[in-house]
Structure formats: structure tokens, C-alpha cells
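Visitor: Have a look at this one before I ask anything.
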Amino acid sequence: MKKEIVKLLKKALNEKGIKLKDEEIGKFIETPPSPDMGDFSFPCFFLSEKLKQNPNQIALEIREKIGNPPVMDFEDIQTSGPYINFVLNRKSLAKKVVWEVLNQKQDFGKVNLGHKKKIVVEFSSPNMGKPFGIGNLRSTIIGNSIANICEFEGFNVIKMNYLGDWGTQFGKLILGYKKFGNEKKLHENPVKHLLELYVKISNNKRYENESRKWFKKLEDGDKEAVILWRAFKELSLNELKKIYKLLGITFDEYDAESKHNKGMDKVIAELKEKKLLKKSEGAQIVQLKNYNLGTCLVQKSDGATLYATRDLATAIARYKKYKFVRMIYEVGKEQKLHFKQLFKVLNLMGYGWADNCVHVAHGLYLDKDGKKFATRKGKTIFMADIIDQTTSLIKKEIKDRTPKISKEELEDRALKIAMAAIFYGDLKNNRSNDAVFDIKRFISFDGDTGPYILYSYARASSILKKVTTKKKFEVFELEPKEIELVKKLSQFPEIVLKSYQNLNPSVIANYSYQLAKIFNEFYHACPVIGSKQIEFRLALVESFRQVLRNSLKLLGIKTLEQM
RNA sequence: GCGCUUGUAGCUCAGCUUGGAUUAGAGCACUUCCCUCCUAAAGAAAUUGAGAAAGGAAGGGGUCACAGGUUCAAAUCCUGUCAGGCGCGCCA
């Protein structure tokens with residue numbers, strides 16, 4: 001529908017001597033504050049500068065130039081001050097939208113922007129040896145959703161988990177284990193035991209040097225160090241995989257810092273060759289002060305490597321392997337400077353593709369009191385525990401409501417609702433801002449929450465289960481809530497596009513909520529079963545369900561047919 | 001100190017990219033209503049009908065941190081101030 005409006009406007013504007021592209025015109029088109037005013041509107045303010053004319057006058061003139069539109073699609077076109085308002089033939093709009101959704105199904109809203117070109121999305125990337133906590137959760141959920149969105153828009157996406165399995169923290173763990181370790185505890189609950197060791201070592205400055213030494217030993221291939229490192233790594237990876245399974249998230253590739261050991265020497269050699277490297281206080285650095293990016297340390301004075309070194313080597317290796325058109329790093333915003341440095345150094349090395357790398361940063365999770373969750377103080381909350389607690393709270397709720405439910409179904413539902421609660425609770429926030437992690441709020445069954453949205457979905461399902469849908473339908477009359485729902489459905493493609501452009505899933509999350517809310521209003525106002533136009537309403541419910549399913553899928557949320 | 005970033009109802013957040021349509025939007029909580037395609041019960045069914053249903057509506061509640069500026073028009077752009085957060089060389 002919007003396209004037709006653009007067409008009309010384009011022609012009219014052309015006659016006034018103004019040439020604009022379709023997309024440019026489309027951008028200006030907006031929705032009037034009240035449906036009484038029309039369905040779409042075109043403000044003429046921006047033209048007044050060019051034409052040196054009163055916008056009200058311009059609106060009138062353009063209106064005149066448009067002339068009489070095809071009656072099939074438009075009911076009326078009128079001006080209101082500087083706005084040109086288009087009143088659509090809502091019945092034909094409703095038909096079109098519903099048809100489109102029902103025909104395109106899971107592909108509704110797709111735009112093939114990517115043409116199968118490759119995008120690497122690195123996300124989650126936990127530090128092995130540390131427990132998977134709330135900090136990692138945001139990257140995991142947001143990154144997953146961004147990957148889904150890119151895929152939906154036609155890219156060939158490589159979901160990449162970059163395991164932090166190298167670095168001084170392993171020196172700490174090795175030292176900690178040698179000093180205070182306990183084999184039995186390690187195997188009973190590896191994650192908790194390793195955290196215990198990590199905290200013990202980190203809280204005592206005496207151990208700093210010795211930890212570094214152990215990491216250096218590890219880099220030099222010391223047997224004892226390597227054996228312990230492998231064991232720690234394997235144990236934590238097992239735990240991680242359990243969590244990903246619960247979250248329902250998969251990766252195409254598990255990359256790891258340790259895999260890029262060899263590349264690191266090369267990078268350092270290359271930096272030397274390209275005369276980017278400088279020695280400073282015994283360490284090797286790349287000076288970036290001219291770019292206002294401080295200095296980037298690539299080799300410690302003891303010869304050991306650093307995070308930046310590994311990231312450089314990794315990025316180069318990845319480009320060789322994938323020739324991506326874009327690489328997205330979904331990592332916390334506290335690493336902004338690091339990524340700026342990383343991209344700059346790659347650029348200075350002559351890698352043009354560095355410009356196609358983006359750091360998609362997210363704010364951190366704060367606790368209910370607005371305080372940070374800190375690993376060092378052992379204040380971390382384990383993801384596994386969070387999932388457990390959430391699921392059991394939800395189980396209680398479900399049992400109260402449907403006491404007869406079978407065990408398997410209870411498990412399945414509770415887990416799905418818990419995930420919807422956690423995922424939505426995260427994704428509804430604009431990713432770059434800090435967010436409060438308050439599980440009680442997330443799992444509330446009403447309001448702006450995951451469970452509310454899932455409930456709306458289930459509601460639609462329960463109607464559709466009772467009556468079989470027919471393929472033909474006629475629209476006799478439209479209630480306000482019906483047209484509102486139709487319009488909301490029709491917005492989905494633009495929403496996905498916007499979300500892709502901003503690499504921000506919250507756009508879709510907020511849309512899902514609004515969609516669910518309008519559906520509930522519709523449900524309240526327009527009974528489906530027993531209605532005169534039951535066929536249309538069923539089709540509308542069906543398309544609602546389809547679009548909601550599409551949005552939730554992009555968010556990484558699994559739906560339930562019933563609740 | 002420098003850099004980045006945030007400040008919108010009691011609380012949690014949209015809106016800011018691309019400035020516009022009299023009252024700046026949601027949710028939670030609070031007050032007052034309403035519904036029954038959901039759940040319990042009865043019936044072959046239409047239906048009856050209870051519900052503190054995970055549904056809907058209304059209401060109260062805001063100097064869009066503050067002060068300037070740009071503009072016909074500012075929550076939105078610019079500058080400054082205040083307050084919080086993050087980052088700034090051998091952690092990742």
C-alpha cells in the first residue's frame with residue numbers, strides 16, 4: 001500500500017520539479033496520530049525550504065496534482081495543514097495484508113538484502129574457567145537474535161562462539177589449583193570450584209606475578225600447565241553446552257583463542273615488518289595516540305601475548321577463511337576502546353576489510369538495586385541456577401492454573417515460558433543501555449513481558465484449534481480493532497528492516513509486544529467464533545499468529561501452541 | 001584529568017538515528033469498572049455459569065536532569081552545567 005502512495009507522490013512531486021527516489025519519499029511517510037485523520041500521511045515541511053513556499057500551500061498543490069486516485073485502494077486523500085492524508089480503502093487493505101501473510105508464511109517480512117553473502121557474528125564468547133553468568137547472557141541472547149535477523153534478510157550467517165580459553169586467567173587457575181585445588185570437588189562441580197580458586201587468587205595481590213608466570217609457562221608448552229589447562233577447559237565446555245541447550249542456542253563454529261597461537265607470532269612479525277610496532281617499557285605496542293585511541297599493547301614484557309594480539313590474529317584468520325562482507329562482534333560496551341583499537345590496527349596493517357567489522361556493544365546488566373554484578377567478589381549468579389529458579393517459579397504458576405497437566409508437558413511449557421521471559425526481558429531493552437536484571441519482573445504473566453506475549457499466541461492457537469480455517473474469506477465490515485491489527489501486521493517488514501539496519505533486536509521485541517497487545521484488544525472486542533465474518537476473522541487470527549511467530553523466531557523465542 | 005555514554009511518571013523502560021498534527025507514550029504498582037473464543041462445574045449441543053483468567057477500559061501521577069542556543073517548530077540537533085556509569089599499558 002505504501003508503495004502505491006509513493007508512486008502517486010513521486011508523480012506529483014515530479015510535476016512540481018522535485019525529483020526524489022522511492023526510498024526517500026517512503027521515509028517521509030508516517031502514520032497520523034489518529035486513524036480518523038487517515039492511514040498514512042505525507043508532511044510537506046521539508047519542501048518549503050526548497051520551494052520557498054508555505055508548507056500548507058505546497059500540500060494543497062500536491063494534492064491537486066495527484067488528482068483522482070484509483071477507487072479500489074483509496075477512499076480519500078485530503079490535506080490537513082501541511083499534511084497530505086491518505087485514507088485507504090480499509091477492506092481492500094485488510095484483504096491484501098492477510099493474503100500476503102498467509103501466502104508468504106514464515107517468509108513474510110523477508111527482504112533479500114544479503115544475496116547469500118557472508119556475515120560472521122561473534123557472540124556469547126564466554127571465558128572458560130569462569131562460570132557462565134549474567135554478563136555472558138546479554139551477548140548470547142542479543143547476538144543470537146542479530147544473527148537470526150541477518151539470516152532473515154538474506155545473508156549467509158556464521159554464528160561464531162569465540163571461547164576465551166587463553167590468557168592470564170588460566171595462569172591464575174593453574175596456580176590456584178596447585179595451591180588449593182581438590183580433585184573431587186573439581187569433578188563434582190567444576191564451575192563452582194574453579195570460581196572459588198579464581199576468586200582466591202584474584203583477591204590476593206601476592207599471586208599476581210606467579211599467575212603470569214604460569215600463563216607464560218602455558219604459552220611455552222609446559223606439560224603440567226597444558227594438562228591442567230585442558231582439563232579445566234573440557235570441564236567448563238561441558239557445562240557451557242548444557243546451558244546453550246537449555247537456551248536453545250546453537251553455533252556454527254566454536255572458535256577459541258588458543259587456536260590462534262601460531263597466528264600470533266605472525267601478527268607480531270607482520271606488525272614489525274610494517275613498522276607499526278614500538279618498544280615501550282619492555283613491551284611491544286602500537287601507538288595510536290594520533291588517532292585519539294591511546295596505545296594498543298600487543299606483547300607483554302615477558303614475551304607473552306595479550307587479548308589484542310589474539311583478536312588481531314583471529315580476525316585475520318577469519319577473513320582468510322570466510323571473506324565475509326561483515327563481521328559483527330557482539331560484546332559488552334566496556335570493550336569499546338579495545339575494538340576501536342583492533343579495527344584501527346587492522347586498518348593500519350592495510351586490511352581494508354577492517355572497515356566491515358563492527359562492534360555491536362551492549363550495556364551491562366545491573367541488579368535490582370542498580371549495582372553491577374561482579375565476578376571477582378564472587379557475586380556472580382550462575383546461569384544454570386537462574387534457569388532453574390525461573391523454571392520452577394513458572395511451574396508453580398502453571399500448576400495453579402492447570403492442575404491436570406502432565407509432567408512432560410509441564411516441563412516443556414515451563415522451560416519455554418522461562419526462556420521467553422528471560423529472552424524478552426533482555427531484548428526489549430535498547431541494547432546499548434544498561435539494563436536491570438529483575439527476574440520477578442521478567443516472569444510476570446502480565447504486562448510487557450515474554451509470558452504475556454506467549455499467552456497471546458496461545459490464545460490465537462486455541463481459537464484456531466476449535467474451528468478449521470477456510471481458504472476463502474470476504475470482508476464485510478471492519479471494526480476499529482480489526483483494522484488496527486491489520487495495520488500492525490503490515491508493519492512487520494519495515495520493523496525487521498529497521499532492526500537490521502540498527503542491529504538492534506529491541507525494535508522487533510517492542511513490536512511483538514505491541515502486536516500482542518493489539519491482538520488482545522481485538523480478541524476482546526471482536527468475537528471470532530459465531531461472527532458473521534468468521535472466515536475473515538479466522539484468517540486474521542491466523543496471520544497474527546504467523547507474524548508473531550516470525551518475530552519471536554527472530555528473537556530466539558520458541559512458541560507454545562497452548563498454555 | 002581525558003575520552004565515551006546515560007539522565008523521560010514512585011519503579012522498569014519506549015520515543016531521539018531522519019526535529020513537526022493541540023493532551024510526551026507503554027508496563028508495573030494504586031483506584032474504579034467491564035468482558036468471557038481461557039480455566040473449574042453441568043449439558044449431546046446451543047447454552048447455563050462461578051472465577052483474585054495470564055483479557056480489556058477508565059482515572060490519578062511528568063519542569064522529557066538543569067541552563068542557554070539553532071529553528072516557523074526541540075524530549076529529539078548544538079554548547080555548557082550538574083549527577084550516574086564505563087574506559088584510559090603488561091586482565092579479558
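In the C-alpha cells, the first chain shown is A, the next is B, and so on; residue numbers restart at 1 for each chain, and ligands run from 1 in the order shown.
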Tell me the residues of chain A close to chain B, meaning within 7 Å using only C-alpha atoms (C1' of nucleotides), as a ChimeraX atom specification.
Guide: /A:283,297,300-301,307,334,337,445-448,452,455,463,520-521,524,527-529
Visitor: Write a file of the just-selected residues containing N, CA and C atoms, as a PDB file, in the first residue's frame.
Guide:
ATOM      1  N   ALA A 283      57.657  -3.691  26.701  1.00  0.00           N
ATOM      2  CA  ALA A 283      56.547  -4.329  25.996  1.00  0.00           C
ATOM      3  C   ALA A 283      56.478  -3.825  24.557  1.00  0.00           C
ATOM      4  N   LEU A 297      48.569  -2.498  23.346  1.00  0.00           N
ATOM      5  CA  LEU A 297      49.649  -3.362  23.797  1.00  0.00           C
ATOM      6  C   LEU A 297      49.496  -4.731  23.144  1.00  0.00           C
ATOM      7  N   LYS A 300      53.482  -8.542  26.021  1.00  0.00           N
ATOM      8  CA  LYS A 300      53.938  -8.154  27.351  1.00  0.00           C
ATOM      9  C   LYS A 300      55.460  -8.188  27.415  1.00  0.00           C
ATOM     10  N   SER A 301      55.990  -7.569  28.453  1.00  0.00           N
ATOM     11  CA  SER A 301      57.449  -7.523  28.560  1.00  0.00           C
ATOM     12  C   SER A 301      58.048  -8.907  28.781  1.00  0.00           C
ATOM     13  N   TYR A 307      45.215 -10.095  24.891  1.00  0.00           N
ATOM     14  CA  TYR A 307      43.905 -10.136  24.254  1.00  0.00           C
ATOM     15  C   TYR A 307      43.937  -9.538  22.842  1.00  0.00           C
ATOM     16  N   GLU A 334      31.950  -2.055  27.529  1.00  0.00           N
ATOM     17  CA  GLU A 334      33.190  -1.690  28.225  1.00  0.00           C
ATOM     18  C   GLU A 334      34.409  -1.984  27.353  1.00  0.00           C
ATOM     19  N   LEU A 337      36.759   0.673  23.466  1.00  0.00           N
ATOM     20  CA  LEU A 337      38.084   1.158  23.075  1.00  0.00           C
ATOM     21  C   LEU A 337      38.902   0.032  22.460  1.00  0.00           C
ATOM     22  N   PHE A 445       3.279 -12.620  34.447  1.00  0.00           N
ATOM     23  CA  PHE A 445       2.488 -13.071  33.307  1.00  0.00           C
ATOM     24  C   PHE A 445       1.721 -11.938  32.659  1.00  0.00           C
ATOM     25  N   ASP A 446       1.715 -10.778  33.268  1.00  0.00           N
ATOM     26  CA  ASP A 446       1.058  -9.690  32.555  1.00  0.00           C
ATOM     27  C   ASP A 446       1.963  -8.497  32.352  1.00  0.00           C
ATOM     28  N   GLY A 447       1.525  -7.672  31.432  1.00  0.00           N
ATOM     29  CA  GLY A 447       2.333  -6.506  31.122  1.00  0.00           C
ATOM     30  C   GLY A 447       3.330  -6.819  30.022  1.00  0.00           C
ATOM     31  N   ASP A 448       4.336  -5.991  29.982  1.00  0.00           N
ATOM     32  CA  ASP A 448       5.303  -6.017  28.910  1.00  0.00           C
ATOM     33  C   ASP A 448       6.330  -7.133  29.140  1.00  0.00           C
ATOM     34  N   TYR A 452       3.443 -12.847  28.658  1.00  0.00           N
ATOM     35  CA  TYR A 452       2.244 -12.194  28.121  1.00  0.00           C
ATOM     36  C   TYR A 452       2.157 -12.411  26.610  1.00  0.00           C
ATOM     37  N   TYR A 455       1.347 -15.905  25.785  1.00  0.00           N
ATOM     38  CA  TYR A 455      -0.055 -16.155  26.081  1.00  0.00           C
ATOM     39  C   TYR A 455      -0.958 -15.716  24.927  1.00  0.00           C
ATOM     40  N   ILE A 463      -8.157 -20.558  19.552  1.00  0.00           N
ATOM     41  CA  ILE A 463      -9.279 -20.282  18.660  1.00  0.00           C
ATOM     42  C   ILE A 463      -9.153 -21.134  17.404  1.00  0.00           C
ATOM     43  N   ASN A 520      -4.877  -8.746  21.701  1.00  0.00           N
ATOM     44  CA  ASN A 520      -5.727  -8.932  22.872  1.00  0.00           C
ATOM     45  C   ASN A 520      -6.899  -7.961  22.891  1.00  0.00           C
ATOM     46  N   GLU A 521      -6.666  -6.768  22.403  1.00  0.00           N
ATOM     47  CA  GLU A 521      -7.766  -5.804  22.319  1.00  0.00           C
ATOM     48  C   GLU A 521      -8.794  -6.275  21.289  1.00  0.00           C
ATOM     49  N   HIS A 524     -10.801  -9.101  22.570  1.00  0.00           N
ATOM     50  CA  HIS A 524     -11.817  -8.617  23.498  1.00  0.00           C
ATOM     51  C   HIS A 524     -13.004  -8.009  22.744  1.00  0.00           C
ATOM     52  N   PRO A 527     -15.451 -11.004  18.771  1.00  0.00           N
ATOM     53  CA  PRO A 527     -15.517 -12.461  18.884  1.00  0.00           C
ATOM     54  C   PRO A 527     -15.349 -13.086  17.501  1.00  0.00           C
ATOM     55  N   VAL A 528     -14.594 -14.142  17.446  1.00  0.00           N
ATOM     56  CA  VAL A 528     -14.353 -14.787  16.166  1.00  0.00           C
ATOM     57  C   VAL A 528     -15.414 -15.843  15.903  1.00  0.00           C
ATOM     58  N   ILE A 529     -15.517 -16.754  16.852  1.00  0.00           N
ATOM     59  CA  ILE A 529     -16.455 -17.850  16.667  1.00  0.00           C
ATOM     60  C   ILE A 529     -17.874 -17.319  16.819  1.00  0.00           C
TER      61      ILE A 529
END
Visitor: Which residues come within 9 Å of stretch 354-360 of chain A, counting only C-alpha atoms (C1' of nucleotides), excluding same-chain residues fewer than 5 positions away, as a list in words?
Guide: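 So, after excluding close chain neighbours, the residues are Gly143, Ala315, Phe324, Val325, Arg326, Met327, Ile328, Tyr329, Glu330, Val331, Gly332, Lys333, Gln335, Lys336, Phe339, Lys340, Leu342, Phe343, Lys344, Val345, Leu346, Asn347, Arg431, Ser432, Leu503 and Asn504 of chain A.
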Visitor: Could you turn the residues from that selection into a file that holds N, CA and C atoms, as an mmCIF file, in the first residue's frame?
Guide:
data_model
loop_
_atom_site.group_PDB
_atom_site.id
_atom_site.type_symbol
_atom_site.label_atom_id
_atom_site.label_comp_id
_atom_site.auth_asym_id
_atom_site.auth_seq_id
_atom_site.Cartn_x
_atom_site.Cartn_y
_atom_site.Cartn_z
ATOM 1 N N GLY A 143 23.212 -11.396 20.501
ATOM 2 C CA GLY A 143 23.969 -11.862 19.346
ATOM 3 C C GLY A 143 23.186 -12.882 18.545
ATOM 4 N N ALA A 315 41.037 -12.278 13.762
ATOM 5 C CA ALA A 315 40.318 -11.550 12.716
ATOM 6 C C ALA A 315 40.937 -11.847 11.357
ATOM 7 N N PHE A 324 34.260 -12.593 4.588
ATOM 8 C CA PHE A 324 32.964 -12.021 4.984
ATOM 9 C C PHE A 324 32.763 -10.613 4.437
ATOM 10 N N VAL A 325 31.496 -10.220 4.244
ATOM 11 C CA VAL A 325 31.233 -8.834 3.879
ATOM 12 C C VAL A 325 31.069 -7.995 5.142
ATOM 13 N N ARG A 326 30.926 -8.724 6.251
ATOM 14 C CA ARG A 326 30.766 -8.016 7.500
ATOM 15 C C ARG A 326 31.098 -8.969 8.647
ATOM 16 N N MET A 327 31.723 -8.419 9.666
ATOM 17 C CA MET A 327 31.921 -9.217 10.877
ATOM 18 C C MET A 327 31.396 -8.416 12.050
ATOM 19 N N ILE A 328 30.515 -9.053 12.785
ATOM 20 C CA ILE A 328 29.873 -8.378 13.904
ATOM 21 C C ILE A 328 30.376 -8.984 15.204
ATOM 22 N N TYR A 329 30.841 -8.132 16.093
ATOM 23 C CA TYR A 329 31.254 -8.594 17.414
ATOM 24 C C TYR A 329 30.203 -8.140 18.416
ATOM 25 N N GLU A 330 29.484 -9.068 18.959
ATOM 26 C CA GLU A 330 28.519 -8.678 19.992
ATOM 27 C C GLU A 330 29.201 -8.836 21.344
ATOM 28 N N VAL A 331 29.713 -7.731 21.846
ATOM 29 C CA VAL A 331 30.492 -7.755 23.086
ATOM 30 C C VAL A 331 30.137 -6.513 23.903
ATOM 31 N N GLY A 332 30.257 -6.609 25.197
ATOM 32 C CA GLY A 332 29.889 -5.519 26.098
ATOM 33 C C GLY A 332 30.546 -4.191 25.750
ATOM 34 N N LYS A 333 29.895 -3.113 26.142
ATOM 35 C CA LYS A 333 30.367 -1.798 25.725
ATOM 36 C C LYS A 333 31.634 -1.369 26.449
ATOM 37 N N GLN A 335 34.178 -2.716 26.252
ATOM 38 C CA GLN A 335 35.310 -3.028 25.383
ATOM 39 C C GLN A 335 35.349 -2.163 24.135
ATOM 40 N N LYS A 336 34.625 -1.077 24.183
ATOM 41 C CA LYS A 336 34.575 -0.191 23.018
ATOM 42 C C LYS A 336 35.953 0.215 22.528
ATOM 43 N N PHE A 339 37.945 -2.497 20.768
ATOM 44 C CA PHE A 339 37.569 -2.786 19.385
ATOM 45 C C PHE A 339 37.954 -1.657 18.435
ATOM 46 N N LYS A 340 37.857 -0.441 18.921
ATOM 47 C CA LYS A 340 38.308 0.664 18.082
ATOM 48 C C LYS A 340 39.784 0.491 17.750
ATOM 49 N N LEU A 342 41.471 -2.319 17.816
ATOM 50 C CA LEU A 342 41.617 -3.502 16.967
ATOM 51 C C LEU A 342 41.375 -3.160 15.499
ATOM 52 N N PHE A 343 40.283 -2.482 15.233
ATOM 53 C CA PHE A 343 39.942 -2.155 13.845
ATOM 54 C C PHE A 343 40.962 -1.195 13.248
ATOM 55 N N LYS A 344 41.420 -0.265 14.086
ATOM 56 C CA LYS A 344 42.396 0.707 13.604
ATOM 57 C C LYS A 344 43.707 0.018 13.242
ATOM 58 N N VAL A 345 44.141 -0.872 14.094
ATOM 59 C CA VAL A 345 45.406 -1.553 13.827
ATOM 60 C C VAL A 345 45.292 -2.380 12.541
ATOM 61 N N LEU A 346 44.197 -3.072 12.390
ATOM 62 C CA LEU A 346 43.991 -3.859 11.165
ATOM 63 C C LEU A 346 44.042 -2.943 9.948
ATOM 64 N N ASN A 347 43.401 -1.812 10.105
ATOM 65 C CA ASN A 347 43.380 -0.841 9.033
ATOM 66 C C ASN A 347 44.795 -0.352 8.695
ATOM 67 N N ARG A 431 19.683 -2.207 23.289
ATOM 68 C CA ARG A 431 20.857 -2.964 23.738
ATOM 69 C C ARG A 431 21.987 -2.134 24.303
ATOM 70 N N SER A 432 22.120 -0.891 23.819
ATOM 71 C CA SER A 432 23.315 -0.160 24.244
ATOM 72 C C SER A 432 23.180 0.449 25.636
ATOM 73 N N LEU A 503 20.996 -2.936 13.818
ATOM 74 C CA LEU A 503 21.488 -4.107 14.537
ATOM 75 C C LEU A 503 20.965 -4.091 15.974
ATOM 76 N N ASN A 504 19.675 -3.928 16.059
ATOM 77 C CA ASN A 504 19.070 -3.823 17.373
ATOM 78 C C ASN A 504 17.758 -4.596 17.466
#
Visitor: Please report the interatomic distance between atom CA of A:Asp22 and atom CA of A:Val507 in Å with one decimal.
Guide: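 Taking atom CA of A:Asp22 and atom CA of A:Val507, their separation equals 23.4 Å.
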Visitor: Skipping near chain neighbours, those fewer than 2 positions away, what residues fall within 12 Å of A:Lys266 using only C-alpha atoms (C1' of nucleotides), listed as a ChimeraX atom specification?
Guide: /A:260-264,268-273,309-310,312-314,316-317
Visitor: Which residues are near B:U76? Cut-off 9 Å, only C-alpha atoms (C1' of nucleotides), ignore same chain within fewer than 4 positions. Put them as a list in words.
Guide: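 Result of the neighbour search: G15, C16 and G19 of chain B.
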